[in-house]
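Source file input.csv; content: CSV, C-alpha atoms.
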chain,number,residue,atom,x,y,z
A,89,MET,CA,91.9,-15.7,41.6
A,90,SER,CA,88.9,-16.3,39.4
A,91,VAL,CA,85.5,-16.6,41.2
A,92,ASP,CA,84.3,-18.9,38.4
A,93,ASP,CA,86.7,-21.7,39.1
A,94,GLY,CA,85.1,-25.0,39.8
A,95,VAL,CA,87.2,-25.3,43.0
A,96,ARG,CA,87.7,-21.9,44.5
A,97,ARG,CA,89.9,-20.7,47.3
A,98,LEU,CA,87.9,-18.3,49.4
A,99,LYS,CA,89.6,-15.0,50.2
A,100,SER,CA,90.9,-14.3,53.6
A,101,GLU,CA,92.5,-11.3,55.4
A,102,ALA,CA,95.9,-12.3,54.0
A,103,ASP,CA,94.6,-11.7,50.4
A,104,GLU,CA,93.5,-8.1,51.2
A,105,PRO,CA,96.1,-6.3,53.4
A,106,GLY,CA,95.2,-2.7,54.1
A,107,TRP,CA,91.4,-3.1,54.3
A,108,GLU,CA,91.2,-2.8,58.1
A,109,VAL,CA,89.1,0.0,59.6
A,110,ASP,CA,91.1,2.9,61.2
A,111,PRO,CA,89.8,2.9,64.8
A,112,ASP,CA,90.6,6.7,65.1
A,113,ASP,CA,88.4,7.6,62.1
A,114,ASP,CA,85.0,8.1,63.7
A,115,TRP,CA,83.2,8.7,60.4
A,116,GLY,CA,84.9,5.8,58.7
A,117,VAL,CA,84.0,3.5,61.6
A,118,ALA,CA,80.4,4.6,61.4
A,119,VAL,CA,80.1,4.1,57.6
A,120,VAL,CA,81.6,0.6,57.7
A,121,ALA,CA,79.5,-0.4,60.7
A,122,THR,CA,76.3,0.7,58.9
A,123,VAL,CA,77.2,-1.2,55.7
A,124,GLY,CA,78.1,-4.3,57.7
A,125,ARG,CA,74.8,-4.1,59.6
A,126,GLN,CA,72.9,-3.8,56.3
A,127,LEU,CA,74.7,-6.8,54.8
A,128,LYS,CA,74.0,-9.0,57.9
A,129,LEU,CA,70.3,-8.0,58.0
A,130,ARG,CA,69.8,-8.8,54.3
A,131,ARG,CA,71.7,-12.1,54.6
A,132,GLU,CA,69.6,-13.2,57.5
A,133,ALA,CA,66.4,-12.0,55.8
A,134,VAL,CA,66.9,-14.5,53.0
A,135,GLY,CA,67.9,-17.3,55.4
A,136,MET,CA,71.5,-17.6,54.2
A,137,ARG,CA,74.2,-18.7,56.6
A,138,ALA,CA,77.5,-16.9,56.7
A,139,ALA,CA,79.4,-19.8,55.3
A,140,GLU,CA,77.0,-20.3,52.4
A,141,PHE,CA,77.0,-16.5,51.7
A,142,GLY,CA,80.8,-16.5,51.8
A,143,ARG,CA,81.0,-19.1,49.1
A,144,ALA,CA,78.6,-17.1,47.0
A,145,VAL,CA,80.8,-14.0,47.1
A,146,GLY,CA,84.2,-15.7,47.2
A,147,TYR,CA,85.1,-15.0,50.8
A,148,GLY,CA,85.8,-17.1,53.8
A,149,GLU,CA,83.2,-17.3,56.7
A,150,ASP,CA,85.6,-15.4,59.0
A,151,MET,CA,85.8,-12.5,56.6
A,152,VAL,CA,82.1,-12.4,56.2
A,153,TYR,CA,81.7,-12.0,60.0
A,154,LYS,CA,84.4,-9.3,60.2
A,155,ILE,CA,82.8,-7.3,57.4
A,156,GLU,CA,79.4,-7.6,58.9
A,157,GLY,CA,80.8,-6.6,62.3
A,158,GLY,CA,82.4,-3.4,60.9
A,159,LYS,CA,86.0,-4.7,61.4
A,160,ARG,CA,86.9,-4.8,57.7
A,161,ILE,CA,86.2,-2.5,54.8
A,162,PRO,CA,84.3,-4.5,52.0
A,163,GLN,CA,85.9,-4.2,48.5
A,164,PRO,CA,83.6,-3.0,45.7
A,165,GLU,CA,83.5,-6.5,44.2
A,166,TYR,CA,82.2,-7.8,47.6
A,167,LEU,CA,79.3,-5.4,47.6
A,168,GLU,CA,78.5,-6.2,43.9
A,169,ARG,CA,78.5,-9.9,44.5
A,170,ALA,CA,76.5,-9.5,47.8
A,171,ASP,CA,73.9,-7.4,46.0
A,172,GLU,CA,73.5,-10.2,43.4
A,173,ALA,CA,73.5,-13.1,45.9
A,174,LEU,CA,71.0,-11.4,48.2
A,175,GLY,CA,68.8,-9.9,45.4
A,176,ALA,CA,69.2,-6.4,46.8
A,177,GLY,CA,68.4,-4.7,43.5
A,178,GLY,CA,71.4,-2.4,43.6
A,179,LEU,CA,71.0,-1.1,47.1
A,180,LEU,CA,74.1,-2.8,48.4
A,181,SER,CA,76.3,-2.0,45.4
A,182,ALA,CA,75.2,1.6,45.7
A,183,MET,CA,77.2,1.8,49.0
A,184,LYS,CA,80.5,1.5,47.1
A,185,GLU,CA,81.0,5.2,46.8
A,186,ASP,CA,80.8,5.9,50.5
A,187,VAL,CA,82.8,2.8,51.4
A,188,ALA,CA,85.5,3.9,48.9
A,189,LYS,CA,85.9,7.2,50.8
A,190,VAL,CA,86.7,5.3,54.0
A,191,ARG,CA,90.0,4.1,52.5
A,192,TYR,CA,91.3,7.7,52.4
A,193,PRO,CA,93.1,8.6,55.7
A,194,LYS,CA,91.3,11.5,57.3
A,195,LYS,CA,94.1,13.9,56.4
A,196,VAL,CA,93.7,13.4,52.7
A,197,ARG,CA,89.9,12.9,52.5
A,198,GLU,CA,89.2,16.6,51.9
A,199,LEU,CA,91.9,16.8,49.3
A,200,ALA,CA,90.4,13.8,47.4
A,201,LYS,CA,87.0,15.6,47.4
A,202,LEU,CA,88.5,18.7,46.0
A,203,GLU,CA,90.4,16.8,43.3
A,204,ALA,CA,87.2,15.0,42.3
A,205,ARG,CA,85.5,18.4,41.6
A,206,ALA,CA,88.4,20.3,40.0
A,207,VAL,CA,88.4,21.0,36.3
A,208,GLU,CA,92.1,22.1,36.5
A,209,ILE,CA,94.8,21.0,38.8
A,210,GLY,CA,98.4,22.2,38.9
A,211,VAL,CA,101.0,20.6,41.1
A,212,TYR,CA,104.7,21.4,41.8
A,213,GLU,CA,106.6,18.8,43.9
A,214,CYS,CA,110.1,19.4,45.2
A,215,SER,CA,110.8,16.3,47.3
A,216,SER,CA,109.1,13.4,45.5
A,217,ILE,CA,107.1,12.4,42.5
A,218,ALA,CA,103.5,13.7,42.8
A,219,GLY,CA,101.1,11.2,44.3
A,220,LEU,CA,98.8,11.2,41.3
A,221,LEU,CA,101.8,10.1,39.2
A,222,GLN,CA,103.1,7.3,41.4
A,223,THR,CA,102.9,3.6,40.7
A,224,PRO,CA,101.8,1.4,43.7
A,225,GLU,CA,105.3,0.0,44.0
A,226,HIS,CA,106.9,3.5,44.0
A,227,ALA,CA,104.4,4.7,46.6
A,228,ARG,CA,105.1,1.7,48.8
A,229,ALA,CA,108.8,2.1,48.6
A,230,LEU,CA,108.5,5.8,49.6
A,231,LEU,CA,106.2,5.0,52.5
A,232,GLU,CA,108.5,2.2,53.7
A,233,SER,CA,111.3,4.8,54.1
A,234,TRP,CA,109.3,7.0,56.5
A,235,GLN,CA,110.2,7.1,60.2
A,236,PRO,CA,108.7,6.1,62.5
A,237,ALA,CA,107.8,3.1,60.4
A,238,TYR,CA,104.2,2.4,59.5
A,239,SER,CA,102.6,-0.8,60.5
A,240,THR,CA,102.0,-3.2,57.6
A,241,GLU,CA,98.2,-2.5,57.8
A,242,ASP,CA,98.6,1.3,57.9
A,243,LEU,CA,101.2,1.2,55.0
A,244,GLU,CA,98.9,-0.8,52.8
A,245,ARG,CA,95.9,1.4,53.7
A,246,ARG,CA,97.9,4.5,52.6
A,247,VAL,CA,99.1,2.9,49.4
A,248,ALA,CA,95.6,1.9,48.5
A,249,ALA,CA,94.3,5.4,49.3
A,250,ARG,CA,96.9,7.0,47.1
A,251,MET,CA,96.0,4.7,44.2
A,252,ALA,CA,92.3,5.3,44.7
A,253,ARG,CA,93.0,9.0,43.8
A,254,LEU,CA,94.1,7.9,40.4
A,255,SER,CA,90.4,7.6,39.4
A,256,ILE,CA,90.8,11.3,38.4
A,257,PHE,CA,92.3,10.0,35.1
A,258,GLU,CA,89.1,8.2,34.3
A,259,ARG,CA,86.8,11.2,34.7
A,260,SER,CA,84.8,12.5,31.7
A,261,PRO,CA,85.2,15.2,30.8
A,262,ALA,CA,88.8,14.9,31.8
A,263,PRO,CA,90.3,17.7,34.0
A,264,ALA,CA,93.4,19.6,32.8
A,265,LEU,CA,96.3,18.4,34.9
A,266,GLY,CA,99.7,20.0,35.1
A,267,PHE,CA,102.7,18.7,37.0
A,268,VAL,CA,106.2,20.1,37.6
A,269,LEU,CA,108.7,17.6,39.1
A,270,GLU,CA,112.3,18.2,40.2
A,271,GLU,CA,114.9,16.3,38.2
A,272,ALA,CA,116.6,15.3,41.4
A,273,THR,CA,113.5,13.4,42.6
A,274,LEU,CA,113.5,11.4,39.3
A,275,ARG,CA,117.2,10.5,39.8
A,276,ARG,CA,116.7,9.4,43.4
A,277,LYS,CA,116.8,5.6,43.6
A,278,VAL,CA,113.4,4.8,45.2
A,279,GLY,CA,112.9,1.1,45.1
A,280,GLY,CA,114.8,-1.3,42.9
A,281,THR,CA,115.5,-1.2,39.2
A,282,MET,CA,112.1,-2.6,38.2
A,283,VAL,CA,110.3,-0.2,40.4
A,284,ARG,CA,112.2,2.8,38.9
A,285,ARG,CA,111.6,1.5,35.3
A,286,GLN,CA,107.8,1.1,35.9
A,287,GLN,CA,107.7,4.6,37.4
A,288,PHE,CA,109.4,6.1,34.4
A,289,GLU,CA,107.1,4.3,32.1
A,290,ARG,CA,104.1,5.5,34.1
A,291,LEU,CA,105.4,9.1,33.8
A,292,LEU,CA,105.7,8.7,30.0
A,293,ASP,CA,102.2,7.2,29.6
A,294,VAL,CA,100.6,10.0,31.7
A,295,GLY,CA,102.7,12.7,30.2
A,296,ARG,CA,101.5,11.8,26.7
A,297,LEU,CA,97.8,12.2,27.6
A,298,ASN,CA,96.1,15.1,25.9
A,299,ASN,CA,94.8,16.6,29.2
A,300,VAL,CA,98.2,16.3,31.0
A,301,THR,CA,101.2,18.6,30.9
A,302,LEU,CA,104.3,17.1,32.5
A,303,GLN,CA,107.4,19.3,33.1
A,304,VAL,CA,110.7,18.7,34.8
A,305,MET,CA,112.7,21.4,36.6
A,306,PRO,CA,116.3,20.7,35.7
A,307,MET,CA,119.0,20.3,38.3
A,308,ASP,CA,121.0,23.2,36.9
A,309,SER,CA,118.1,25.7,37.0
A,310,ALA,CA,118.3,29.0,38.9
A,311,ALA,CA,116.6,29.5,42.2
A,312,HIS,CA,112.8,29.6,41.9
A,313,PRO,CA,109.7,30.2,44.1
A,314,GLY,CA,109.1,26.5,44.7
A,315,MET,CA,112.2,25.9,46.7
A,316,SER,CA,110.2,26.5,49.9
A,317,GLY,CA,107.9,23.6,49.3
A,318,ARG,CA,105.1,21.9,47.4
A,319,ILE,CA,102.4,24.0,45.6
A,320,GLU,CA,99.0,22.8,44.5
A,321,VAL,CA,96.4,24.9,42.7
A,322,LEU,CA,92.9,23.5,42.0
A,323,LYS,CA,90.3,25.4,39.9
A,324,PHE,CA,86.6,24.6,39.7
A,325,GLU,CA,83.8,24.9,37.2
A,326,ASP,CA,82.2,27.8,39.0
A,327,GLY,CA,85.3,29.9,38.7
A,328,THR,CA,86.4,29.4,42.3
A,329,ALA,CA,89.8,28.0,43.3
A,330,VAL,CA,91.7,26.6,46.2
A,331,ALA,CA,95.5,26.4,46.6
A,332,ARG,CA,98.1,25.5,49.2
A,333,SER,CA,101.8,25.6,49.6
A,334,ASP,CA,104.1,24.2,52.2
A,335,GLY,CA,106.0,27.5,52.3
A,336,ALA,CA,103.1,30.0,52.5
A,337,PHE,CA,100.1,30.8,54.7
A,338,SER,CA,100.9,28.1,57.3
A,339,GLY,CA,100.6,25.4,54.6
A,340,ARG,CA,96.8,25.5,54.8
A,341,PRO,CA,94.4,25.4,51.8
A,342,THR,CA,93.3,28.9,50.9
A,343,SER,CA,90.6,30.4,48.8
A,344,ASP,CA,91.3,34.0,49.7
A,345,PRO,CA,91.7,35.9,46.4
A,346,ARG,CA,94.9,37.8,47.4
A,347,GLN,CA,96.6,34.6,48.7
A,348,LEU,CA,95.5,32.7,45.6
A,349,ARG,CA,97.1,35.3,43.4
A,350,VAL,CA,100.4,34.8,45.2
A,351,LEU,CA,100.4,31.0,44.8
A,352,GLU,CA,99.2,31.2,41.2
A,353,LEU,CA,102.1,33.6,40.5
A,354,ARG,CA,104.6,31.3,42.1
A,355,TYR,CA,103.3,28.3,40.3
A,356,GLY,CA,103.3,30.1,37.0
A,357,THR,CA,106.9,31.2,37.5
A,358,ILE,CA,107.9,27.7,38.3
A,359,ARG,CA,106.3,26.4,35.0
A,360,ALA,CA,108.1,29.1,33.1
A,361,GLN,CA,111.5,28.1,34.4
A,362,ALA,CA,110.9,24.3,34.0
A,363,LEU,CA,111.7,22.4,30.8
A,364,PRO,CA,109.0,22.4,28.1
A,365,PRO,CA,106.8,19.2,28.0
A,366,GLY,CA,108.6,17.8,25.0
A,367,GLU,CA,112.0,18.2,26.5
A,368,SER,CA,110.8,16.9,29.9
A,369,LEU,CA,109.5,13.7,28.4
A,370,ALA,CA,112.7,13.3,26.5
A,371,LEU,CA,114.6,13.5,29.8
A,372,VAL,CA,112.3,10.9,31.4
A,373,GLU,CA,113.0,8.6,28.3
A,374,GLN,CA,116.7,9.2,28.9
A,375,LEU,CA,116.5,8.2,32.5
A,376,LEU,CA,114.5,5.1,31.6
A,377,GLY,CA,117.2,4.1,29.2
A,378,GLU,CA,119.8,4.6,31.9
A,379,THR,CA,118.0,2.4,34.4

With the file now loaded, output its structure as structure tokens.
Amino acid sequence: MSVDDGVRRLKSEADEPGWEVDPDDDWGVAVVATVGRQLKLRREAVGMRAAEFGRAVGYGEDMVYKIEGGKRIPQPEYLERADEALGAGGLLSAMKEDVAKVRYPKKVRELAKLEARAVEIGVYECSSIAGLLQTPEHARALLESWQPAYSTEDLERRVAARMARLSIFERSPAPALGFVLEEATLRRKVGGTMVRRQQFERLLDVGRLNNVTLQVMPMDSAAHPGMSGRIEVLKFEDGTAVARSDGAFSGRPTSDPRQLRVLELRYGTIRAQALPPGESLALVEQLLGET
């Protein structure tokens, strides 16, 4: 929907599923409440009614009240338009960074912070395609299969949070990213034909980036150290690192040098057993052709 149309349909909750505030996230609730309060104070300071302000930013009056009341997370474009409409001089749009973090569920917020700082990330996934490689449609199809089922709002919130992590591909300088995926996860029929095709195309696009190494562990490979679960290794500019594995050290992130050496050894062994990047991309192309 263009905000420049002569006759414009104002956005409602139905247009933005997944932007509700998680009531169990105390920090997120506090951030959204503070932002909403600032928006309301500035709107009232310039003498603008909620309905008039809503038309200026492209949202319905009910949505304006919910955002100001801390019940909805404002989208970045909302804050940008509010800043312009209220003459805030960049103070409202500057809140985008904190508001964006609220979209991450509490459990993945710390991971997102680490990924944002890392200069090198290595990921081995044994049961699904790595989250940083998923399309929105693939992510949604995966989450829809979980039991007990997520509510519509929670599902959309999780999809949006996963997609927000993809900003890592826009960083400059770009971090070095390495992924090892199991061939079996690529062959699993997650979603319909179009979802699978889009996912394979996404893997090919990302796998061809200069800063990305994509490898596939073939189904006929020998046993390897990743069979006990996912492994992720993140390295930072100051020489420190953090790693975690589902099958080691209670699955918790660790920066202990001895434990890091264990996980780095396991990840290195997995990479050595996987197909080289060229052969891996050729396999993905083959799967795309078969879909």

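Rounded to one decimal, CA of Thr122 in chain A and CA of Thr240 in chain A lie 26.0 Å from each other.
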
Counting all atoms listed in the file, which residues in range 237-310 of chain A sit no more than 12 Å from range 316-323 of chain A? For each one, give the nearest pair of atoms and the distance in Å, sorted by chain then residue number, as CSV.
residue,atom,partner,partner_atom,distance
A:Pro263,CA,A:Lys323,CA,9.7
A:Ala264,CA,A:Lys323,CA,9.7
A:Leu265,CA,A:Leu322,CA,9.4
A:Gly266,CA,A:Val321,CA,9.6
A:Phe267,CA,A:Glu320,CA,9.3
A:Val268,CA,A:Ile319,CA,9.7
A:Leu269,CA,A:Arg318,CA,10.0
A:Glu270,CA,A:Arg318,CA,10.8

Give me, please, the distance in Å between CA of Arg245 in chain A and CA of Gly116 in chain A, quoted to one decimal.
12.9 Å

Let me make sure I understand: among A:Gly148, A:Gly279, A:Pro236, A:Gly335, which one has the smallest atom-to-atom distance to Met315 in chain A if we use all atoms listed in the file?
A:Gly335

Can you list, as number ranges by chain, every protein, DNA or RNA residue that comes within 12 Å of Ala138 in chain A when you count only C-alpha atoms, leaving out same-chain residues fewer than 4 positions away?
A: 127-132, 134, 142-156, 170

Using all atoms listed in the file, give me every residue within 9 Å of (98.2, -5.7, 49.1) in file coordinates, as number ranges by chain.
A: 102-107, 244-245, 247-248

Taking only C-alpha atoms into account, name the residue in A:Lys277, A:Arg259, A:Arg284, A:Lys184 that is nearest to Asn299 in chain A.
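Closest candidate: A:Arg259.
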
From the options A:Leu375, A:Met307, A:Leu353, A:Leu274, which residue's atoms come nearest to His226 in chain A, counting all atoms listed in the file?
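Of A:Leu375, A:Met307, A:Leu353, A:Leu274, the one nearest His226 in chain A, counting all atoms listed in the file, is A:Leu274.
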
Env of range 253-258 of chain A: 12 Å cut, atoms = all atoms listed in the file, seq-sep filter 2 positions within chain, self excluded. Answer as a ChimeraX atom specification.
/A:188-189,191-193,196-209,218-224,246-251,260-265,293-295,297-300

Would you mind telling me which residue in A:Ala310, A:Met183, A:Leu302, A:Met282 lies nearest to Pro364 in chain A when using all atoms listed in the file?
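Among the listed residues, the smallest separation from Pro364 in chain A belongs to A:Leu302.
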
Shortest interatomic distance to Leu376 in chain A - which of A:Phe141, A:Phe288, A:Tyr238, A:Tyr212, counting all atoms listed in the file
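Of all the options, A:Phe288 lies closest to Leu376 in chain A.
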
Between CA of Arg97 in chain A and CA of Ser181 in chain A - distance in Å to one decimal:
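Separation between CA of Ser181 in chain A and CA of Arg97 in chain A: 23.2 Å.
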
Of the listed residues A:Met305, A:Val278, A:Val330, A:Val187, that which approaches Leu363 in chain A most closely, counting only C-alpha atoms:
A:Met305
